[in-house]
Each structure stands twice: as structure tokens, then as C-alpha cells.
Amino acid sequence: MTNISSELQVQPAGSALAASDETVVHTPKDSGVPEWARDFTVADRVVLITGAGQGIGRELARQFAAAGAIPVLADLNVVNAQRVRDEIIADGGRATAFQVDIADPTSTSDLVQAIVAEHGRIDILINNAAVFATLDKRHFELIPLEEWDRVIRVNVTGPFLCARAVAPIMRAAGWGRIINVSSDAVPKGVRNYLHYVTSKSAMIGMTNAMARELGPDGINVNCIRPGPVATEVERAVNPTIDLRRMQLSQQCLQRGMVHTDLVGLMIFLSTPASGFITGQTIACDGGYTHSS
Ligand SMILES: NC(=O)c1ccc[n+]([C@@H]2O[C@H](COP(=O)([O-])OP(=O)(O)OC[C@H]3O[C@@H](n4cnc5c(N)ncnc54)[C@H](O)[C@@H]3O)[C@@H](O)[C@H]2O)c1
């Protein structure tokens, strides 16, 4: 694990002076590119992925493991999380699985304690778990208050609780990455999903503010904004063929999005190479929202 120390040697947390000194000493022989800027590896990183029992979270866990990281699969549905863990181990990777309800502060702090007891640290948190596919689509005036509260509790309070629980661990290590997951539904303003769209909009503001508060601790906070992603999961609200055609017609890249399309961006944001990127929301959607 040379990654953490090599990054800190060049830019100690909070040392703007050290960073500018690096610029001053550039010479023709020395490109000034520190070792960590070329470090695109997540090998041996402990990556907590919420909602990893299926869909996007499952694929991220599998791909982080293939890249040498140790994904920690945390899901309300622990049977699914364990199944994915077993898949990863059968493929020669490393992984552990835990049950968590991200909406419950006791559950999230118990989770973090259990991960630290097992792995000794948490390098990366991917706030992926959310409720949406199972939600009935309806006009906002018809959304029951209990359903509104549940969506906000899981999709907004959940990532807050997870970040709050891992922040002290990352701060003590002087290095960390938090990646939140928003949605194309925010810029599109998808109708009949007001609680979901509102909750995913909050991910962008949370990212902006959390990045400021955690930057001095060496923790980068970013957000990805996926487009409509086909996963292995049959949806309660599957898009119609007409909707898929309409989505494709608005994309720059002319194919449907799959969950593996998110892997490269997620891994990049988890590496030392992305060390100067924080507080950003990056769309990964084939240009779907670019054209809106
Ligand atoms: N699939 C898409 O088209 C799409 C598009 C844009 C954004 N997203 C976002 O990507 C993320 C993953 O989407 P997906 O399609 O894989 O979703 P999914 O519904 O297939 O999986 C969500 C996972 O979260 C878990 N979960 C739900 N509530 C939980 C809780 N309280 N505590 C712990 N785990 C809980 C579920 O058990 C499930 O395993 C979500 O944040 C979603 O909003 C998805």
C-alpha cells in the first residue's frame, strides 16, 4: 500500500503551500508529475458499497474485486449480498458481506465497527443503495406522506448516516473517497417520481457541501449521475420499448446503457490519480442529459 503515503508525501492534507512549492520547482527534466498522479489502482483498498446485493452495486463490487480491491457488500437484503460475495470469492476475489439498513443510525455505525474489526480500515464509500425501482409512479399530489418519508429517509438520510459513520475512520487515515450516486432523473425532472427526483437532487448538494467539510482531512467527495441503466434485475417499473427509443434518440452514443458503463468512472474516482477532483457531479449516460 504505497498509494496513501506517496500521495501524502507530495501534498500533505491542508498544505496549499506545499502544493505551490511543487509547481515552483518544476524543471525541464522534471515534469513535476508525482507518482500518485499516475496511480490508477484500487488494489487492496477496502470499498464499502451499499446496496451491493443486486444491480449497479453488485456489478461495482464484482469489478472492484477484479481490480484487486476488497469490496464490502452491505445491503438490507443480506442473502443477496452474501450471494454476490460468494460469486466474487468463486471468481478468485476477496469480499465480505454485511446486513445494514442505511436509514438506521445504529445499523450504520454497527456496520462500520464490524468492517473496521474485520478489515482494519475503510478507504472508499460508495453510497449506492436507494429505493426507486419498486416505487409506484404517480403524480406528486398522490404520493402518500409515509412513502415520501421513506424515500427521503433511505435515499438522503441513508448516505448522510453512512458518510457520518465512515468519516472518522478516513480522517484518522488521512485519506478517503466518498462517492454518492445521483440520477439523470434530476436534470430530466422525470414526472411522477417527485420523491425520488428530490432525493437524488439532494445527493448533488450533499456532495458539494461534504467535499468542503472533508477536504481538509484528505477525503474527496464526488457524485456520479448515471443515465437509465439496464441491470440483471427485473424492474417493477420496466421502461417501455417506446421510452427506451426516446431515451436513445436523446443520447449522443447510440446504445443502451449497462451497469458496467459506470465501472471506469467509479474506479477512477477511487484512485490516487483523481486526487485533485472533489465536489464534482459527473454524468455517465452516453450524453443523454447533454442533449437536454
Ligand atoms: N438503474 C437505473 O436506471 C439508475 C439510474 C440512475 C441512478 N440509479 C441509482 O443507482 C443506484 C443503484 O441502482 P440499481 O438500479 O442498482 O438499484 P436496485 O434497486 O437494483 O438496488 C438497490 C439496492 O439497495 C438496497 N437497499 C434498499 N434500501 C436499503 C436500505 N435501507 N439499506 C441498505 N440497502 C438498501 C436494495 O436491497 C438493493 O439491493 C441507486 O442509487 C439508484 O438511484 C439507478
# chains A, B, ... in the order shown; residues from 1 in each chain; ligands from 1

call {"tool": "residues_near_ligand", "arguments": {"ligand": "ligand 1", "cutoff": "8 Å", "atoms": "only C-alpha atoms and all ligand atoms", "output": "PyMOL selection string"}}
result
chain A and resi 50-58+74-77+80-81+99-104+127-134+154-155+158+181-185+196+200+225-231+233+235+259

call {"tool": "write_last_selection", "arguments": {"atoms": "N, CA and C atoms", "output": "compact mmCIF listing (two decimals), in the first residue's frame"}}
result
# COMPACT_ATOMS: atom_id res chain seq x y z
N THR A 50 -22.80 0.24 -0.56
CA THR A 50 -24.15 -0.03 -0.05
C THR A 50 -25.05 -0.46 -1.20
N GLY A 51 -26.02 -1.31 -0.88
CA GLY A 51 -26.92 -1.79 -1.92
C GLY A 51 -26.22 -2.67 -2.93
N ALA A 52 -25.23 -3.44 -2.47
CA ALA A 52 -24.41 -4.25 -3.40
C ALA A 52 -24.99 -5.63 -3.66
N GLY A 53 -26.20 -5.89 -3.13
CA GLY A 53 -26.79 -7.21 -3.31
C GLY A 53 -27.33 -7.45 -4.71
N GLN A 54 -27.48 -6.38 -5.49
CA GLN A 54 -28.02 -6.54 -6.85
C GLN A 54 -27.71 -5.29 -7.66
N GLY A 55 -28.03 -5.37 -8.93
CA GLY A 55 -28.00 -4.19 -9.80
C GLY A 55 -26.62 -3.56 -9.92
N ILE A 56 -26.60 -2.24 -9.91
CA ILE A 56 -25.35 -1.49 -10.09
C ILE A 56 -24.35 -1.82 -8.99
N GLY A 57 -24.82 -1.89 -7.75
CA GLY A 57 -23.92 -2.17 -6.63
C GLY A 57 -23.24 -3.52 -6.76
N ARG A 58 -23.98 -4.50 -7.22
CA ARG A 58 -23.41 -5.85 -7.42
C ARG A 58 -22.29 -5.79 -8.46
N ALA A 74 -22.78 -4.31 1.49
CA ALA A 74 -23.71 -4.02 2.58
C ALA A 74 -25.09 -3.80 1.99
N ASP A 75 -26.05 -4.57 2.46
CA ASP A 75 -27.39 -4.47 1.88
C ASP A 75 -28.42 -4.85 2.93
N LEU A 76 -29.61 -4.27 2.77
CA LEU A 76 -30.74 -4.66 3.60
C LEU A 76 -31.03 -6.14 3.37
N ASN A 77 -30.91 -6.55 2.13
CA ASN A 77 -31.12 -7.94 1.75
C ASN A 77 -29.78 -8.69 1.84
N ASN A 80 -28.92 -11.64 -0.61
CA ASN A 80 -28.37 -11.21 -1.90
C ASN A 80 -26.91 -10.79 -1.77
N ALA A 81 -26.60 -10.04 -0.71
CA ALA A 81 -25.21 -9.58 -0.51
C ALA A 81 -24.28 -10.77 -0.36
N GLN A 99 -25.23 -7.17 6.66
CA GLN A 99 -26.57 -6.60 6.55
C GLN A 99 -26.53 -5.18 7.12
N VAL A 100 -27.24 -4.28 6.47
CA VAL A 100 -27.37 -2.92 7.01
C VAL A 100 -28.69 -2.33 6.55
N ASP A 101 -29.26 -1.51 7.41
CA ASP A 101 -30.34 -0.63 6.99
C ASP A 101 -29.75 0.77 7.04
N ILE A 102 -29.44 1.33 5.89
CA ILE A 102 -28.73 2.61 5.87
C ILE A 102 -29.56 3.74 6.48
N ALA A 103 -30.87 3.52 6.62
CA ALA A 103 -31.72 4.56 7.19
C ALA A 103 -31.67 4.58 8.71
N ASP A 104 -30.93 3.64 9.30
CA ASP A 104 -30.92 3.47 10.76
C ASP A 104 -29.52 3.78 11.30
N ASN A 127 -21.99 5.34 -1.86
CA ASN A 127 -23.37 5.47 -1.38
C ASN A 127 -24.32 5.15 -2.52
N ASN A 128 -24.53 3.85 -2.74
CA ASN A 128 -25.28 3.39 -3.90
C ASN A 128 -26.73 2.98 -3.57
N ALA A 129 -26.96 2.48 -2.36
CA ALA A 129 -28.30 1.94 -2.03
C ALA A 129 -29.36 3.04 -2.11
N ALA A 130 -30.51 2.67 -2.62
CA ALA A 130 -31.63 3.61 -2.71
C ALA A 130 -32.90 2.83 -2.98
N VAL A 131 -34.02 3.46 -2.72
CA VAL A 131 -35.28 2.88 -3.20
C VAL A 131 -35.75 3.68 -4.41
N PHE A 132 -36.12 2.98 -5.45
CA PHE A 132 -36.75 3.67 -6.59
C PHE A 132 -37.49 2.73 -7.52
N ALA A 133 -36.85 1.61 -7.91
CA ALA A 133 -37.45 0.77 -8.93
C ALA A 133 -38.77 0.16 -8.46
N THR A 134 -38.91 0.02 -7.16
CA THR A 134 -40.12 -0.61 -6.64
C THR A 134 -41.22 0.42 -6.37
N VAL A 154 -34.34 6.82 3.27
CA VAL A 154 -33.34 5.89 2.73
C VAL A 154 -32.37 6.62 1.79
N ASN A 155 -32.91 7.41 0.87
CA ASN A 155 -32.08 7.96 -0.21
C ASN A 155 -31.25 9.19 0.18
N GLY A 158 -29.89 8.10 4.53
CA GLY A 158 -29.01 6.92 4.48
C GLY A 158 -27.57 7.28 4.08
N VAL A 181 -24.35 8.67 -5.33
CA VAL A 181 -24.99 8.33 -6.60
C VAL A 181 -26.28 9.15 -6.76
N SER A 182 -26.30 9.97 -7.79
CA SER A 182 -27.48 10.76 -8.12
C SER A 182 -28.22 10.06 -9.27
N SER A 183 -28.84 10.80 -10.15
CA SER A 183 -29.60 10.18 -11.25
C SER A 183 -29.85 11.20 -12.36
N ASP A 184 -29.96 10.68 -13.57
CA ASP A 184 -30.36 11.51 -14.70
C ASP A 184 -31.76 12.09 -14.49
N ALA A 185 -32.51 11.47 -13.57
CA ALA A 185 -33.87 11.97 -13.31
C ALA A 185 -33.85 13.40 -12.78
N TYR A 196 -38.39 10.63 -5.48
CA TYR A 196 -37.11 10.08 -5.94
C TYR A 196 -36.24 11.18 -6.54
N LYS A 200 -32.56 12.44 -5.16
CA LYS A 200 -31.33 12.33 -5.95
C LYS A 200 -30.72 13.72 -6.20
N ARG A 225 -23.67 10.62 -11.81
CA ARG A 225 -25.07 10.75 -12.21
C ARG A 225 -25.33 9.82 -13.38
N PRO A 226 -25.75 8.57 -13.07
CA PRO A 226 -25.97 7.61 -14.17
C PRO A 226 -27.21 7.97 -14.99
N GLY A 227 -27.18 7.50 -16.23
CA GLY A 227 -28.39 7.52 -17.04
C GLY A 227 -29.21 6.28 -16.75
N PRO A 228 -30.23 6.01 -17.56
CA PRO A 228 -31.06 4.81 -17.33
C PRO A 228 -30.23 3.55 -17.57
N VAL A 229 -30.09 2.73 -16.53
CA VAL A 229 -29.18 1.59 -16.58
C VAL A 229 -29.93 0.27 -16.57
N ALA A 230 -29.67 -0.55 -17.57
CA ALA A 230 -30.23 -1.91 -17.54
C ALA A 230 -29.35 -2.76 -16.63
N THR A 231 -29.96 -3.44 -15.69
CA THR A 231 -29.22 -4.35 -14.81
C THR A 231 -29.84 -5.74 -14.94
N VAL A 233 -31.65 -7.04 -12.90
CA VAL A 233 -32.86 -7.11 -12.08
C VAL A 233 -34.09 -6.76 -12.90
N ARG A 235 -37.41 -5.13 -13.27
CA ARG A 235 -37.97 -3.98 -12.57
C ARG A 235 -39.48 -4.10 -12.40
N HIS A 259 -24.78 -1.51 -16.62
CA HIS A 259 -24.13 -1.13 -15.35
C HIS A 259 -22.61 -1.11 -15.44

call {"tool": "residues_around", "arguments": {"residues": "range 163-174 of chain A", "least_positions_apart": "2", "cutoff": "10 Å", "atoms": "only C-alpha atoms", "output": "PyMOL selection string"}}
result
chain A and resi 4-5+8+12-13+48+105-106+108-113+116+120-127+157-161+176-180+210+214-219+221

call {"tool": "write_last_selection", "arguments": {"atoms": "C-alpha atoms", "output": "PDB file, in the first residue's frame"}}
result
ATOM      1  CA  ILE A   4      -1.596   6.604   0.604  1.00  0.00           C
ATOM      2  CA  SER A   5       1.881   7.564   1.729  1.00  0.00           C
ATOM      3  CA  LEU A   8       0.626  12.477   1.225  1.00  0.00           C
ATOM      4  CA  PRO A  12       0.130  16.830   2.923  1.00  0.00           C
ATOM      5  CA  ALA A  13      -3.532  17.382   3.833  1.00  0.00           C
ATOM      6  CA  LEU A  48     -17.820  -0.181   1.270  1.00  0.00           C
ATOM      7  CA  PRO A 105     -28.051   5.217  12.592  1.00  0.00           C
ATOM      8  CA  THR A 106     -27.414   2.252  14.890  1.00  0.00           C
ATOM      9  CA  THR A 108     -24.773   2.102  10.008  1.00  0.00           C
ATOM     10  CA  SER A 109     -22.481   2.631  12.987  1.00  0.00           C
ATOM     11  CA  ASP A 110     -22.577  -1.111  13.806  1.00  0.00           C
ATOM     12  CA  LEU A 111     -21.694  -1.811  10.193  1.00  0.00           C
ATOM     13  CA  VAL A 112     -18.674   0.464  10.244  1.00  0.00           C
ATOM     14  CA  GLN A 113     -17.443  -1.026  13.514  1.00  0.00           C
ATOM     15  CA  VAL A 116     -13.055  -1.996  10.893  1.00  0.00           C
ATOM     16  CA  GLY A 120      -8.885  -2.573   9.838  1.00  0.00           C
ATOM     17  CA  ARG A 121      -9.994   0.355   7.686  1.00  0.00           C
ATOM     18  CA  ILE A 122     -12.415   1.736   5.088  1.00  0.00           C
ATOM     19  CA  ASP A 123     -10.812   3.581   2.176  1.00  0.00           C
ATOM     20  CA  ILE A 124     -13.806   4.201  -0.079  1.00  0.00           C
ATOM     21  CA  LEU A 125     -17.545   4.548   0.495  1.00  0.00           C
ATOM     22  CA  ILE A 126     -19.934   4.218  -2.415  1.00  0.00           C
ATOM     23  CA  ASN A 127     -23.365   5.472  -1.381  1.00  0.00           C
ATOM     24  CA  THR A 157     -30.584  10.302   5.339  1.00  0.00           C
ATOM     25  CA  GLY A 158     -29.010   6.918   4.479  1.00  0.00           C
ATOM     26  CA  PRO A 159     -25.985   8.337   2.584  1.00  0.00           C
ATOM     27  CA  PHE A 160     -25.608  11.012   5.288  1.00  0.00           C
ATOM     28  CA  LEU A 161     -25.509   8.344   8.012  1.00  0.00           C
ATOM     29  CA  GLY A 176     -10.604   8.649   1.791  1.00  0.00           C
ATOM     30  CA  ARG A 177     -13.092   8.729  -1.049  1.00  0.00           C
ATOM     31  CA  ILE A 178     -16.838   9.115  -0.788  1.00  0.00           C
ATOM     32  CA  ILE A 179     -18.848   8.655  -3.972  1.00  0.00           C
ATOM     33  CA  ASN A 180     -22.536   9.476  -3.971  1.00  0.00           C
ATOM     34  CA  MET A 210     -19.420  17.450   2.233  1.00  0.00           C
ATOM     35  CA  LEU A 214     -13.922  16.839   4.426  1.00  0.00           C
ATOM     36  CA  GLY A 215     -11.336  18.273   2.011  1.00  0.00           C
ATOM     37  CA  PRO A 216      -9.004  19.407   4.803  1.00  0.00           C
ATOM     38  CA  ASP A 217      -8.975  15.805   6.070  1.00  0.00           C
ATOM     39  CA  GLY A 218      -7.740  14.404   2.742  1.00  0.00           C
ATOM     40  CA  ILE A 219     -11.169  12.999   1.868  1.00  0.00           C
ATOM     41  CA  VAL A 221     -16.304  13.578  -2.140  1.00  0.00           C
TER      42      VAL A 221
END

call {"tool": "residues_around", "arguments": {"residues": "Asn192 in chain A", "least_positions_apart": "2", "cutoff": "7 Å", "atoms": "only C-alpha atoms", "output": "JSON, numbers by chain"}}
result
{"A": [137, 138, 139, 140, 190, 194]}

call {"tool": "closest_residue", "arguments": {"among": "A:Gln82, A:Asn222, A:Gln247, A:Ser201", "to": "Gly287 in chain A", "atoms": "only C-alpha atoms"}}
result
A:Gln247

call {"tool": "residues_around", "arguments": {"residues": "Lys188 in chain A", "least_positions_apart": "5", "cutoff": "10 Å", "atoms": "only C-alpha atoms", "output": "PyMOL selection string"}}
result
chain A and resi 183+197+288-289+292

call {"tool": "write_last_selection", "arguments": {"atoms": "C-alpha atoms", "output": "mmCIF file, in the first residue's frame"}}
result
data_model
loop_
_atom_site.group_PDB
_atom_site.id
_atom_site.type_symbol
_atom_site.label_atom_id
_atom_site.label_comp_id
_atom_site.auth_asym_id
_atom_site.auth_seq_id
_atom_site.Cartn_x
_atom_site.Cartn_y
_atom_site.Cartn_z
ATOM 1 C CA SER A 183 -29.597 10.184 -11.246
ATOM 2 C CA VAL A 197 -36.044 13.071 -8.065
ATOM 3 C CA TYR A 288 -28.456 11.574 -22.525
ATOM 4 C CA THR A 289 -28.574 14.683 -20.349
ATOM 5 C CA SER A 292 -31.462 18.189 -22.791
#

call {"tool": "closest_residue", "arguments": {"among": "A:Val258, A:Asp149, A:Glu141, A:Phe98", "to": "Glu232 in chain A", "atoms": "only C-alpha atoms"}}
result
A:Val258

call {"tool": "select_by_dssp", "arguments": {"residues": "range 26-248 of chain A", "states": "strand (DSSP E)", "output": "ChimeraX atom specification"}}
result
/A:46-50,70-75,96-99,124-127,176-181,219-226,229-230

call {"tool": "select_by_dssp", "arguments": {"residues": "range 35-109 of chain A", "states": "alpha helix (DSSP H)", "output": "NGL selection string"}}
result
:A and (55-66 or 78-90 or 105-109)

call {"tool": "atom_distance", "arguments": {"atom1": "CA of Ile282 in chain A", "atom2": "CA of Val33 in chain A"}}
result
24.2 Å

call {"tool": "atom_distance", "arguments": {"atom1": "CA of Val151 in chain A", "atom2": "CA of Gln63 in chain A"}}
result
28.0 Å

call {"tool": "atom_distance", "arguments": {"atom1": "CA of Val42 in chain A", "atom2": "CA of Asp285 in chain A"}}
result
23.5 Å
